[in-house]
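*Asks:* Sharing coords04.pdb (PDB, N, CA and C atoms) below.
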```
ATOM      1  N   MET A 171      52.779  28.264  39.788
ATOM      2  CA  MET A 171      51.418  28.611  39.482
ATOM      3  C   MET A 171      51.369  29.797  38.534
ATOM      4  N   LEU A 172      52.181  30.782  38.761
ATOM      5  CA  LEU A 172      52.228  31.973  37.926
ATOM      6  C   LEU A 172      52.657  31.612  36.509
ATOM      7  N   ALA A 173      53.580  30.658  36.366
ATOM      8  CA  ALA A 173      54.046  30.253  35.041
ATOM      9  C   ALA A 173      52.918  29.622  34.239
ATOM     10  N   ILE A 174      52.060  28.876  34.895
ATOM     11  CA  ILE A 174      50.929  28.245  34.210
ATOM     12  C   ILE A 174      49.945  29.307  33.718
ATOM     13  N   LEU A 175      49.656  30.295  34.551
ATOM     14  CA  LEU A 175      48.728  31.356  34.161
ATOM     15  C   LEU A 175      49.283  32.177  33.003
ATOM     16  N   LEU A 176      50.591  32.404  32.985
ATOM     17  CA  LEU A 176      51.198  33.176  31.905
ATOM     18  C   LEU A 176      51.183  32.394  30.591
ATOM     19  N   GLN A 177      51.299  31.069  30.673
ATOM     20  CA  GLN A 177      51.285  30.250  29.465
ATOM     21  C   GLN A 177      49.869  30.087  28.900
ATOM     22  N   ALA A 178      48.851  30.260  29.723
ATOM     23  CA  ALA A 178      47.476  30.064  29.289
ATOM     24  C   ALA A 178      47.077  31.061  28.214
ATOM     25  N   GLY A 179      47.697  32.171  28.165
ATOM     26  CA  GLY A 179      47.378  33.176  27.150
ATOM     27  C   GLY A 179      46.237  34.055  27.616
ATOM     28  N   GLY A 180      45.947  35.034  26.828
ATOM     29  CA  GLY A 180      44.911  35.985  27.206
ATOM     30  C   GLY A 180      43.983  36.254  26.051
ATOM     31  N   ALA A 181      43.510  37.469  26.029
ATOM     32  CA  ALA A 181      42.578  37.877  24.980
ATOM     33  C   ALA A 181      43.328  37.996  23.658
ATOM     34  N   PRO A 182      42.629  37.852  22.540
ATOM     35  CA  PRO A 182      43.286  37.996  21.249
ATOM     36  C   PRO A 182      43.830  39.416  21.080
ATOM     37  N   ALA A 183      44.828  39.535  20.221
ATOM     38  CA  ALA A 183      45.483  40.814  20.029
ATOM     39  C   ALA A 183      44.537  41.841  19.420
ATOM     40  N   SER A 184      43.678  41.405  18.529
ATOM     41  CA  SER A 184      42.787  42.345  17.866
ATOM     42  C   SER A 184      41.362  41.831  17.943
ATOM     43  N   GLY A 185      40.466  42.590  18.544
ATOM     44  CA  GLY A 185      39.074  42.197  18.670
ATOM     45  C   GLY A 185      38.333  42.269  17.344
ATOM     46  N   ASN A 186      38.764  43.155  16.460
ATOM     47  CA  ASN A 186      38.090  43.316  15.174
ATOM     48  C   ASN A 186      38.283  42.105  14.269
ATOM     49  N   SER A 187      39.452  41.497  14.308
ATOM     50  CA  SER A 187      39.697  40.353  13.429
ATOM     51  C   SER A 187      38.826  39.162  13.831
ATOM     52  N   SER A 188      38.592  38.951  15.127
ATOM     53  CA  SER A 188      37.737  37.836  15.530
ATOM     54  C   SER A 188      36.287  38.109  15.151
ATOM     55  N   LEU A 189      35.871  39.369  15.218
ATOM     56  CA  LEU A 189      34.517  39.722  14.818
ATOM     57  C   LEU A 189      34.332  39.508  13.319
ATOM     58  N   ILE A 190      35.306  39.891  12.541
ATOM     59  CA  ILE A 190      35.246  39.696  11.092
ATOM     60  C   ILE A 190      35.222  38.213  10.762
ATOM     61  N   ASN A 191      36.042  37.424  11.451
ATOM     62  CA  ASN A 191      36.054  35.973  11.231
ATOM     63  C   ASN A 191      34.696  35.352  11.550
ATOM     64  N   GLN A 192      34.065  35.806  12.614
ATOM     65  CA  GLN A 192      32.750  35.284  12.966
ATOM     66  C   GLN A 192      31.705  35.668  11.926
ATOM     67  N   LEU A 193      31.766  36.909  11.458
ATOM     68  CA  LEU A 193      30.827  37.349  10.429
ATOM     69  C   LEU A 193      31.004  36.549   9.140
ATOM     70  N   ILE A 194      32.240  36.290   8.761
ATOM     71  CA  ILE A 194      32.505  35.485   7.566
ATOM     72  C   ILE A 194      31.973  34.065   7.756
ATOM     73  N   LEU A 195      32.176  33.501   8.924
ATOM     74  CA  LEU A 195      31.689  32.158   9.220
ATOM     75  C   LEU A 195      30.164  32.097   9.141
ATOM     76  N   PHE A 196      29.484  33.022   9.801
ATOM     77  CA  PHE A 196      28.020  33.027   9.773
ATOM     78  C   PHE A 196      27.482  33.347   8.384
ATOM     79  N   GLY A 197      28.166  34.217   7.658
ATOM     80  CA  GLY A 197      27.772  34.498   6.278
ATOM     81  C   GLY A 197      27.888  33.259   5.408
ATOM     82  N   GLY A 198      28.971  32.521   5.580
ATOM     83  CA  GLY A 198      29.156  31.269   4.834
ATOM     84  C   GLY A 198      28.092  30.251   5.168
ATOM     85  N   ILE A 199      27.747  30.156   6.443
ATOM     86  CA  ILE A 199      26.687  29.227   6.863
ATOM     87  C   ILE A 199      25.356  29.638   6.247
ATOM     88  N   ALA A 200      25.076  30.936   6.215
ATOM     89  CA  ALA A 200      23.824  31.425   5.629
ATOM     90  C   ALA A 200      23.763  31.106   4.134
ATOM     91  N   ILE A 201      24.860  31.273   3.442
ATOM     92  CA  ILE A 201      24.902  30.981   2.004
ATOM     93  C   ILE A 201      24.681  29.489   1.752
ATOM     94  N   VAL A 202      25.347  28.647   2.512
ATOM     95  CA  VAL A 202      25.180  27.200   2.372
ATOM     96  C   VAL A 202      23.736  26.808   2.687
ATOM     97  N   PHE A 203      23.183  27.370   3.749
ATOM     98  CA  PHE A 203      21.799  27.087   4.129
ATOM     99  C   PHE A 203      20.854  27.482   3.006
ATOM    100  N   TYR A 204      21.071  28.627   2.379
ATOM    101  CA  TYR A 204      20.217  29.084   1.289
ATOM    102  C   TYR A 204      20.278  28.127   0.100
ATOM    103  N   PHE A 205      21.485  27.763  -0.333
ATOM    104  CA  PHE A 205      21.615  26.942  -1.532
ATOM    105  C   PHE A 205      21.221  25.485  -1.324
ATOM    106  N   PHE A 206      21.310  24.979  -0.099
ATOM    107  CA  PHE A 206      20.973  23.581   0.131
ATOM    108  C   PHE A 206      19.592  23.367   0.745
ATOM    109  N   MET A 207      18.974  24.407   1.289
ATOM    110  CA  MET A 207      17.684  24.226   1.951
ATOM    111  C   MET A 207      16.589  25.091   1.332
ATOM    112  N   ILE A 208      16.785  26.363   1.260
ATOM    113  CA  ILE A 208      15.718  27.279   0.856
ATOM    114  C   ILE A 208      15.480  27.239  -0.649
ATOM    115  N   ARG A 209      16.526  27.363  -1.427
ATOM    116  CA  ARG A 209      16.382  27.423  -2.888
ATOM    117  C   ARG A 209      15.743  26.156  -3.474
ATOM    118  N   PRO A 210      16.187  24.943  -3.086
ATOM    119  CA  PRO A 210      15.527  23.747  -3.624
ATOM    120  C   PRO A 210      14.047  23.653  -3.230
ATOM    121  N   GLN A 211      13.723  24.097  -2.022
ATOM    122  CA  GLN A 211      12.329  24.055  -1.587
ATOM    123  C   GLN A 211      11.479  25.025  -2.405
ATOM    124  N   GLN A 212      12.011  26.212  -2.687
ATOM    125  CA  GLN A 212      11.287  27.175  -3.522
ATOM    126  C   GLN A 212      11.095  26.632  -4.940
ATOM    127  N   LYS A 213      12.121  25.988  -5.465
ATOM    128  CA  LYS A 213      12.040  25.417  -6.809
ATOM    129  C   LYS A 213      10.985  24.314  -6.864
ATOM    130  N   LYS A 214      10.960  23.458  -5.847
ATOM    131  CA  LYS A 214       9.992  22.369  -5.792
ATOM    132  C   LYS A 214       8.567  22.920  -5.675
ATOM    133  N   ALA A 215       8.363  23.955  -4.874
ATOM    134  CA  ALA A 215       7.041  24.554  -4.723
ATOM    135  C   ALA A 215       6.586  25.195  -6.032
ATOM    136  N   LYS A 216       7.501  25.828  -6.746
ATOM    137  CA  LYS A 216       7.160  26.449  -8.025
ATOM    138  C   LYS A 216       6.778  25.386  -9.055
ATOM    139  N   GLU A 217       7.516  24.288  -9.105
ATOM    140  CA  GLU A 217       7.201  23.200 -10.025
ATOM    141  C   GLU A 217       5.836  22.588  -9.699
ATOM    142  N   ALA A 218       5.545  22.419  -8.414
ATOM    143  CA  ALA A 218       4.255  21.851  -8.008
ATOM    144  C   ALA A 218       3.113  22.777  -8.413
ATOM    145  N   LYS A 219       3.289  24.079  -8.220
ATOM    146  CA  LYS A 219       2.256  25.043  -8.592
ATOM    147  C   LYS A 219       2.022  25.011 -10.099
ATOM    148  N   ASN A 220       3.106  24.989 -10.872
ATOM    149  CA  ASN A 220       2.973  24.935 -12.331
ATOM    150  C   ASN A 220       2.287  23.647 -12.777
ATOM    151  N   PHE A 221       2.636  22.531 -12.151
ATOM    152  CA  PHE A 221       2.033  21.242 -12.502
ATOM    153  C   PHE A 221       0.528  21.266 -12.248
ATOM    154  N   ILE A 222       0.131  21.771 -11.104
ATOM    155  CA  ILE A 222      -1.288  21.803 -10.754
ATOM    156  C   ILE A 222      -2.047  22.743 -11.694
ATOM    157  N   GLU A 223      -1.398  23.813 -12.131
ATOM    158  CA  GLU A 223      -2.032  24.721 -13.086
ATOM    159  C   GLU A 223      -2.167  24.074 -14.466
ATOM    160  N   GLU A 224      -1.214  23.212 -14.845
ATOM    161  CA  GLU A 224      -1.179  22.638 -16.188
ATOM    162  C   GLU A 224      -2.054  21.401 -16.372
ATOM    163  N   ILE A 225      -2.461  20.739 -15.289
ATOM    164  CA  ILE A 225      -3.290  19.548 -15.476
ATOM    165  C   ILE A 225      -4.605  19.950 -16.112
ATOM    166  N   LYS A 226      -5.136  19.061 -16.912
ATOM    167  CA  LYS A 226      -6.356  19.378 -17.646
ATOM    168  C   LYS A 226      -7.403  18.302 -17.398
ATOM    169  N   VAL A 227      -8.620  18.641 -17.756
ATOM    170  CA  VAL A 227      -9.740  17.714 -17.591
ATOM    171  C   VAL A 227      -9.445  16.444 -18.396
ATOM    172  N   GLY A 228      -9.660  15.309 -17.766
ATOM    173  CA  GLY A 228      -9.392  14.025 -18.406
ATOM    174  C   GLY A 228      -8.098  13.382 -17.940
ATOM    175  N   ASP A 229      -7.238  14.135 -17.264
ATOM    176  CA  ASP A 229      -5.982  13.575 -16.758
ATOM    177  C   ASP A 229      -6.250  12.672 -15.559
ATOM    178  N   THR A 230      -5.480  11.607 -15.468
ATOM    179  CA  THR A 230      -5.535  10.728 -14.307
ATOM    180  C   THR A 230      -4.597  11.290 -13.252
ATOM    181  N   ILE A 231      -5.101  11.421 -12.029
ATOM    182  CA  ILE A 231      -4.313  12.018 -10.948
ATOM    183  C   ILE A 231      -4.362  11.138  -9.712
ATOM    184  N   ILE A 232      -3.474  11.467  -8.771
ATOM    185  CA  ILE A 232      -3.466  10.839  -7.454
ATOM    186  C   ILE A 232      -3.444  11.963  -6.431
ATOM    187  N   THR A 233      -4.281  11.861  -5.412
ATOM    188  CA  THR A 233      -4.289  12.879  -4.362
ATOM    189  C   THR A 233      -3.215  12.559  -3.324
ATOM    190  N   ILE A 234      -2.953  13.509  -2.449
ATOM    191  CA  ILE A 234      -1.949  13.260  -1.406
ATOM    192  C   ILE A 234      -2.428  12.208  -0.415
ATOM    193  N   GLY A 235      -3.732  11.933  -0.424
ATOM    194  CA  GLY A 235      -4.284  10.874   0.417
ATOM    195  C   GLY A 235      -4.232   9.512  -0.246
ATOM    196  N   GLY A 236      -3.792   9.465  -1.524
ATOM    197  CA  GLY A 236      -3.654   8.202  -2.228
ATOM    198  C   GLY A 236      -4.852   7.815  -3.071
ATOM    199  N   ILE A 237      -5.794   8.727  -3.267
ATOM    200  CA  ILE A 237      -6.977   8.427  -4.062
ATOM    201  C   ILE A 237      -6.649   8.625  -5.532
ATOM    202  N   HIS A 238      -6.903   7.595  -6.344
ATOM    203  CA  HIS A 238      -6.687   7.659  -7.785
ATOM    204  C   HIS A 238      -7.999   8.050  -8.443
ATOM    205  N   GLY A 239      -7.908   8.872  -9.473
ATOM    206  CA  GLY A 239      -9.121   9.248 -10.174
ATOM    207  C   GLY A 239      -8.814  10.040 -11.430
ATOM    208  N   THR A 240      -9.894  10.416 -12.117
ATOM    209  CA  THR A 240      -9.790  11.192 -13.340
ATOM    210  C   THR A 240     -10.360  12.576 -13.080
ATOM    211  N   LEU A 241      -9.631  13.586 -13.484
ATOM    212  CA  LEU A 241     -10.067  14.964 -13.284
ATOM    213  C   LEU A 241     -11.234  15.256 -14.216
ATOM    214  N   ILE A 242     -12.366  15.638 -13.633
ATOM    215  CA  ILE A 242     -13.583  15.914 -14.393
ATOM    216  C   ILE A 242     -13.767  17.414 -14.585
ATOM    217  N   GLU A 243     -13.455  18.170 -13.564
ATOM    218  CA  GLU A 243     -13.683  19.615 -13.589
ATOM    219  C   GLU A 243     -12.689  20.268 -12.645
ATOM    220  N   LYS A 244     -12.240  21.473 -13.004
ATOM    221  CA  LYS A 244     -11.365  22.188 -12.079
ATOM    222  C   LYS A 244     -11.782  23.646 -12.004
ATOM    223  N   ASN A 245     -11.724  24.187 -10.803
ATOM    224  CA  ASN A 245     -12.030  25.585 -10.527
ATOM    225  C   ASN A 245     -10.769  26.251 -10.007
ATOM    226  N   ASP A 246     -10.910  27.457  -9.468
ATOM    227  CA  ASP A 246      -9.743  28.154  -8.930
ATOM    228  C   ASP A 246      -9.126  27.413  -7.749
ATOM    229  N   LEU A 247      -9.948  26.941  -6.832
ATOM    230  CA  LEU A 247      -9.436  26.300  -5.622
ATOM    231  C   LEU A 247      -9.732  24.814  -5.527
ATOM    232  N   THR A 248     -10.752  24.347  -6.232
ATOM    233  CA  THR A 248     -11.168  22.955  -6.094
ATOM    234  C   THR A 248     -11.116  22.220  -7.422
ATOM    235  N   ALA A 249     -11.234  20.916  -7.333
ATOM    236  CA  ALA A 249     -11.295  20.064  -8.517
ATOM    237  C   ALA A 249     -12.277  18.935  -8.232
ATOM    238  N   VAL A 250     -12.985  18.522  -9.250
ATOM    239  CA  VAL A 250     -13.902  17.381  -9.130
ATOM    240  C   VAL A 250     -13.209  16.192  -9.773
ATOM    241  N   VAL A 251     -13.100  15.109  -9.004
ATOM    242  CA  VAL A 251     -12.401  13.912  -9.450
ATOM    243  C   VAL A 251     -13.381  12.746  -9.454
ATOM    244  N   GLU A 252     -13.402  12.013 -10.547
ATOM    245  CA  GLU A 252     -14.228  10.810 -10.628
ATOM    246  C   GLU A 252     -13.346   9.633 -10.242
ATOM    247  N   ILE A 253     -13.695   8.984  -9.130
ATOM    248  CA  ILE A 253     -12.859   7.886  -8.644
ATOM    249  C   ILE A 253     -13.436   6.522  -9.024
ATOM    250  N   ALA A 254     -14.680   6.484  -9.426
ATOM    251  CA  ALA A 254     -15.328   5.284  -9.964
ATOM    252  C   ALA A 254     -16.441   5.770 -10.888
ATOM    253  N   ARG A 255     -16.946   4.898 -11.708
ATOM    254  CA  ARG A 255     -17.973   5.311 -12.658
ATOM    255  C   ARG A 255     -19.170   5.902 -11.909
ATOM    256  N   GLY A 256     -19.412   7.187 -12.148
ATOM    257  CA  GLY A 256     -20.537   7.876 -11.519
ATOM    258  C   GLY A 256     -20.283   8.346 -10.093
ATOM    259  N   PHE A 257     -19.107   8.098  -9.536
ATOM    260  CA  PHE A 257     -18.798   8.501  -8.164
ATOM    261  C   PHE A 257     -17.762   9.620  -8.210
ATOM    262  N   LYS A 258     -18.201  10.837  -7.898
ATOM    263  CA  LYS A 258     -17.337  12.015  -7.992
ATOM    264  C   LYS A 258     -17.132  12.629  -6.617
ATOM    265  N   ILE A 259     -15.933  13.132  -6.400
ATOM    266  CA  ILE A 259     -15.645  13.842  -5.157
ATOM    267  C   ILE A 259     -15.014  15.186  -5.504
ATOM    268  N   THR A 260     -15.200  16.138  -4.611
ATOM    269  CA  THR A 260     -14.589  17.455  -4.774
ATOM    270  C   THR A 260     -13.407  17.540  -3.815
ATOM    271  N   ILE A 261     -12.261  17.933  -4.347
ATOM    272  CA  ILE A 261     -11.049  18.058  -3.532
ATOM    273  C   ILE A 261     -10.442  19.440  -3.735
ATOM    274  N   GLU A 262      -9.560  19.808  -2.854
ATOM    275  CA  GLU A 262      -8.762  21.012  -3.047
ATOM    276  C   GLU A 262      -7.713  20.714  -4.110
ATOM    277  N   ARG A 263      -7.450  21.676  -4.975
ATOM    278  CA  ARG A 263      -6.436  21.442  -6.014
ATOM    279  C   ARG A 263      -5.061  21.244  -5.400
ATOM    280  N   ALA A 264      -4.832  21.842  -4.239
ATOM    281  CA  ALA A 264      -3.546  21.670  -3.561
ATOM    282  C   ALA A 264      -3.347  20.240  -3.067
ATOM    283  N   ALA A 265      -4.420  19.446  -3.036
ATOM    284  CA  ALA A 265      -4.328  18.067  -2.553
ATOM    285  C   ALA A 265      -3.894  17.091  -3.635
ATOM    286  N   ILE A 266      -3.602  17.585  -4.832
ATOM    287  CA  ILE A 266      -3.136  16.705  -5.899
ATOM    288  C   ILE A 266      -1.654  16.451  -5.688
ATOM    289  N   SER A 267      -1.284  15.192  -5.623
ATOM    290  CA  SER A 267       0.106  14.812  -5.392
ATOM    291  C   SER A 267       0.894  14.915  -6.693
ATOM    292  N   VAL A 268       1.849  15.803  -6.708
ATOM    293  CA  VAL A 268       2.635  16.029  -7.918
ATOM    294  C   VAL A 268       3.525  14.834  -8.211
ATOM    295  N   GLU A 269       4.252  14.354  -7.208
ATOM    296  CA  GLU A 269       5.204  13.263  -7.420
ATOM    297  C   GLU A 269       4.494  11.982  -7.843
ATOM    298  N   SER A 270       3.410  11.636  -7.168
ATOM    299  CA  SER A 270       2.696  10.400  -7.487
ATOM    300  C   SER A 270       2.063  10.465  -8.863
ATOM    301  N   THR A 271       1.510  11.621  -9.216
ATOM    302  CA  THR A 271       0.875  11.763 -10.520
ATOM    303  C   THR A 271       1.917  11.712 -11.625
ATOM    304  N   LYS A 272       3.072  12.325 -11.410
ATOM    305  CA  LYS A 272       4.147  12.252 -12.403
ATOM    306  C   LYS A 272       4.623  10.811 -12.560
ATOM    307  N   ARG A 273       4.746  10.103 -11.444
ATOM    308  CA  ARG A 273       5.178   8.704 -11.489
ATOM    309  C   ARG A 273       4.146   7.853 -12.222
ATOM    310  N   LEU A 274       2.861   8.116 -11.997
ATOM    311  CA  LEU A 274       1.789   7.397 -12.676
ATOM    312  C   LEU A 274       1.864   7.629 -14.180
ATOM    313  N   LYS A 275       2.103   8.867 -14.588
ATOM    314  CA  LYS A 275       2.211   9.181 -16.012
ATOM    315  C   LYS A 275       3.441   8.511 -16.627
ATOM    316  N   ALA A 276       4.547   8.467 -15.891
ATOM    317  CA  ALA A 276       5.759   7.824 -16.402
ATOM    318  C   ALA A 276       5.536   6.331 -16.608
ATOM    319  N   VAL A 277       4.842   5.685 -15.691
ATOM    320  CA  VAL A 277       4.535   4.262 -15.814
ATOM    321  C   VAL A 277       3.632   4.033 -17.026
ATOM    322  N   ALA A 278       2.651   4.919 -17.226
ATOM    323  CA  ALA A 278       1.731   4.777 -18.355
ATOM    324  C   ALA A 278       2.485   4.959 -19.682
ATOM    325  N   GLU A 279       3.408   5.918 -19.727
ATOM    326  CA  GLU A 279       4.204   6.140 -20.932
ATOM    327  C   GLU A 279       5.099   4.930 -21.218
ATOM    328  N   LYS A 280       5.646   4.349 -20.166
ATOM    329  CA  LYS A 280       6.530   3.183 -20.320
ATOM    330  C   LYS A 280       5.741   1.981 -20.834
ATOM    331  N   ALA A 281       4.508   1.850 -20.373
ATOM    332  CA  ALA A 281       3.663   0.735 -20.804
ATOM    333  C   ALA A 281       3.272   0.870 -22.268
ATOM    334  N   LYS A 282       3.105   2.113 -22.740
ATOM    335  CA  LYS A 282       2.763   2.348 -24.140
ATOM    336  C   LYS A 282       3.917   2.017 -25.076
ATOM    337  N   ALA A 283       5.131   2.251 -24.595
ATOM    338  CA  ALA A 283       6.316   2.046 -25.445
ATOM    339  C   ALA A 283       6.708   0.595 -25.579
TER
END
```
Kindly present the structure from the file in structure tokens form.

*Replies:*
Amino acid sequence: MLAILLQAGGAPASGNSSLINQLILFGGIAIVFYFFMIRPQQKKAKEAKNFIEEIKVGDTIITIGGIHGTLIEKNDLTAVVEIARGFKITIERAAISVESTKRLKAVAEKAKA
């Protein structure tokens, strides 16, 4: 029984080296998390903000709810969209779907070519 306990080993020789190894491991995880999760999300949010700022009156847009329409007027927080002749709705500018509107524009450009 004593031989088994002696073979099991004990505490590491140096407590500082295990602490440093753990810090390096967690630091590496934090760096990976930043580059694969946080940074792309910040980039996507910045692109969406720029896109919403750059749209102009007369552009065809799609809302996040799937409503297609033409931008008639835009304010600081809201936009007026005409979804049918004479039928206008007011939406939040944040409700404009960036991906769908970009895809719609790409399809329109492809059809022109």

*Asks:* Using all atoms listed in the file, can you tell me which of A:Ala200, A:Ile242, A:Ile225, A:Ala218 comes closest to Glu269 of chain A?

*Replies:*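 Between A:Ala200, A:Ile242, A:Ile225, A:Ala218, the residue approaching Glu269 of chain A most closely is A:Ala218.
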
*Asks:* Write out as a compact mmCIF listing (two decimals) with N, CA and C atoms, keeping the file's coordinate frame all residues of segment 190-277 of chain A that DSSP puts in helix (DSSP H, G or I) for this structure's backbone.

*Replies:*
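Okay, states-v6.txt is ready:
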```
# COMPACT_ATOMS: atom_id res chain seq x y z
N ILE A 190 35.31 39.89 12.54
CA ILE A 190 35.25 39.70 11.09
C ILE A 190 35.22 38.21 10.76
N ASN A 191 36.04 37.42 11.45
CA ASN A 191 36.05 35.97 11.23
C ASN A 191 34.70 35.35 11.55
N GLN A 192 34.06 35.81 12.61
CA GLN A 192 32.75 35.28 12.97
C GLN A 192 31.70 35.67 11.93
N LEU A 193 31.77 36.91 11.46
CA LEU A 193 30.83 37.35 10.43
C LEU A 193 31.00 36.55 9.14
N ILE A 194 32.24 36.29 8.76
CA ILE A 194 32.51 35.48 7.57
C ILE A 194 31.97 34.06 7.76
N LEU A 195 32.18 33.50 8.92
CA LEU A 195 31.69 32.16 9.22
C LEU A 195 30.16 32.10 9.14
N PHE A 196 29.48 33.02 9.80
CA PHE A 196 28.02 33.03 9.77
C PHE A 196 27.48 33.35 8.38
N GLY A 197 28.17 34.22 7.66
CA GLY A 197 27.77 34.50 6.28
C GLY A 197 27.89 33.26 5.41
N GLY A 198 28.97 32.52 5.58
CA GLY A 198 29.16 31.27 4.83
C GLY A 198 28.09 30.25 5.17
N ILE A 199 27.75 30.16 6.44
CA ILE A 199 26.69 29.23 6.86
C ILE A 199 25.36 29.64 6.25
N ALA A 200 25.08 30.94 6.22
CA ALA A 200 23.82 31.42 5.63
C ALA A 200 23.76 31.11 4.13
N ILE A 201 24.86 31.27 3.44
CA ILE A 201 24.90 30.98 2.00
C ILE A 201 24.68 29.49 1.75
N VAL A 202 25.35 28.65 2.51
CA VAL A 202 25.18 27.20 2.37
C VAL A 202 23.74 26.81 2.69
N PHE A 203 23.18 27.37 3.75
CA PHE A 203 21.80 27.09 4.13
C PHE A 203 20.85 27.48 3.01
N TYR A 204 21.07 28.63 2.38
CA TYR A 204 20.22 29.08 1.29
C TYR A 204 20.28 28.13 0.10
N PHE A 205 21.48 27.76 -0.33
CA PHE A 205 21.62 26.94 -1.53
C PHE A 205 21.22 25.48 -1.32
N PHE A 206 21.31 24.98 -0.10
CA PHE A 206 20.97 23.58 0.13
C PHE A 206 19.59 23.37 0.74
N MET A 207 18.97 24.41 1.29
CA MET A 207 17.68 24.23 1.95
C MET A 207 16.59 25.09 1.33
N ILE A 208 16.78 26.36 1.26
CA ILE A 208 15.72 27.28 0.86
C ILE A 208 15.48 27.24 -0.65
N ARG A 209 16.53 27.36 -1.43
CA ARG A 209 16.38 27.42 -2.89
C ARG A 209 15.74 26.16 -3.47
N PRO A 210 16.19 24.94 -3.09
CA PRO A 210 15.53 23.75 -3.62
C PRO A 210 14.05 23.65 -3.23
N GLN A 211 13.72 24.10 -2.02
CA GLN A 211 12.33 24.06 -1.59
C GLN A 211 11.48 25.02 -2.40
N GLN A 212 12.01 26.21 -2.69
CA GLN A 212 11.29 27.18 -3.52
C GLN A 212 11.10 26.63 -4.94
N LYS A 213 12.12 25.99 -5.46
CA LYS A 213 12.04 25.42 -6.81
C LYS A 213 10.98 24.31 -6.86
N LYS A 214 10.96 23.46 -5.85
CA LYS A 214 9.99 22.37 -5.79
C LYS A 214 8.57 22.92 -5.68
N ALA A 215 8.36 23.96 -4.87
CA ALA A 215 7.04 24.55 -4.72
C ALA A 215 6.59 25.20 -6.03
N LYS A 216 7.50 25.83 -6.75
CA LYS A 216 7.16 26.45 -8.02
C LYS A 216 6.78 25.39 -9.06
N GLU A 217 7.52 24.29 -9.10
CA GLU A 217 7.20 23.20 -10.02
C GLU A 217 5.84 22.59 -9.70
N ALA A 218 5.54 22.42 -8.41
CA ALA A 218 4.26 21.85 -8.01
C ALA A 218 3.11 22.78 -8.41
N LYS A 219 3.29 24.08 -8.22
CA LYS A 219 2.26 25.04 -8.59
C LYS A 219 2.02 25.01 -10.10
N ASN A 220 3.11 24.99 -10.87
CA ASN A 220 2.97 24.94 -12.33
C ASN A 220 2.29 23.65 -12.78
N PHE A 221 2.64 22.53 -12.15
CA PHE A 221 2.03 21.24 -12.50
C PHE A 221 0.53 21.27 -12.25
N ILE A 222 0.13 21.77 -11.10
CA ILE A 222 -1.29 21.80 -10.75
C ILE A 222 -2.05 22.74 -11.69
N GLU A 223 -1.40 23.81 -12.13
CA GLU A 223 -2.03 24.72 -13.09
C GLU A 223 -2.17 24.07 -14.47
N GLU A 224 -1.21 23.21 -14.84
CA GLU A 224 -1.18 22.64 -16.19
C GLU A 224 -2.05 21.40 -16.37
N ARG A 263 -7.45 21.68 -4.97
CA ARG A 263 -6.44 21.44 -6.01
C ARG A 263 -5.06 21.24 -5.40
N ALA A 264 -4.83 21.84 -4.24
CA ALA A 264 -3.55 21.67 -3.56
C ALA A 264 -3.35 20.24 -3.07
N ALA A 265 -4.42 19.45 -3.04
CA ALA A 265 -4.33 18.07 -2.55
C ALA A 265 -3.89 17.09 -3.64
N VAL A 268 1.85 15.80 -6.71
CA VAL A 268 2.64 16.03 -7.92
C VAL A 268 3.52 14.83 -8.21
N GLU A 269 4.25 14.35 -7.21
CA GLU A 269 5.20 13.26 -7.42
C GLU A 269 4.49 11.98 -7.84
N SER A 270 3.41 11.64 -7.17
CA SER A 270 2.70 10.40 -7.49
C SER A 270 2.06 10.46 -8.86
N THR A 271 1.51 11.62 -9.22
CA THR A 271 0.88 11.76 -10.52
C THR A 271 1.92 11.71 -11.62
N LYS A 272 3.07 12.32 -11.41
CA LYS A 272 4.15 12.25 -12.40
C LYS A 272 4.62 10.81 -12.56
N ARG A 273 4.75 10.10 -11.44
CA ARG A 273 5.18 8.70 -11.49
C ARG A 273 4.15 7.85 -12.22
N LEU A 274 2.86 8.12 -12.00
CA LEU A 274 1.79 7.40 -12.68
C LEU A 274 1.86 7.63 -14.18
N LYS A 275 2.10 8.87 -14.59
CA LYS A 275 2.21 9.18 -16.01
C LYS A 275 3.44 8.51 -16.63
N ALA A 276 4.55 8.47 -15.89
CA ALA A 276 5.76 7.82 -16.40
C ALA A 276 5.54 6.33 -16.61
N VAL A 277 4.84 5.68 -15.69
CA VAL A 277 4.54 4.26 -15.81
C VAL A 277 3.63 4.03 -17.03
```

*Asks:* I need the residue nearest Phe221 of chain A from this list: A:Ile190, A:Ala281, A:Ile199, A:Val268. Use all atoms listed in the file for the distance.

*Replies:*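 Using all atoms listed in the file, Phe221 of chain A sits closest to A:Val268.
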
*Asks:* Between atom CA of Ile234 of chain A and atom CA of Lys282 of chain A, what distance in Å does the model show, to one decimal?

*Replies:* 25.7 Å

*Asks:* Write out as a ChimeraX atom specification the residues lying within 8 Å of segment 251-259 of chain A, counting all atoms listed in the file and excluding same-chain residues fewer than 3 positions away.

*Replies:* /A:237-244,248,262

*Asks:* Could you tell me how far atom CA of Asn245 of chain A sits from atom CA of Ile231 of chain A, in Å to one decimal place?

*Replies:* 15.6 Å

*Asks:* Could you work out how far atom CA of Met207 of chain A lies from atom CA of Leu193 of chain A, giving the answer in Å with one decimal?

*Replies:*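 Going from atom CA of Leu193 of chain A over to atom CA of Met207 of chain A covers 20.4 Å.
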
*Asks:* For a quick check of understanding, using only C-alpha atoms, which of A:Tyr204, A:Val250, A:Gln212, A:Gly236 has the smallest distance to Leu274 of chain A?

*Replies:*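 Distance minimum relative to Leu274 of chain A lands on A:Gly236.
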
*Asks:* So which residues of chain A fall under strand (DSSP E) by DSSP, listed as a list in words?

*Replies:* Thr230, Ile231, Ile232, His238, Gly239, Thr240, Leu241, Ile242, Glu243, Lys244, Thr248, Ala249, Val250, Val251, Glu252, Ile253, Ala254, Phe257, Lys258, Ile259, Thr260, Ile261 and Glu262 of chain A

*Asks:* Excluding Leu247 of chain A and residues on its chain fewer than 3 positions from it, collect all residues at most 6 Å away from it, counting all atoms listed in the file, and give them as JSON, numbers by chain.

*Replies:* {"A": [261, 262, 263, 264]}
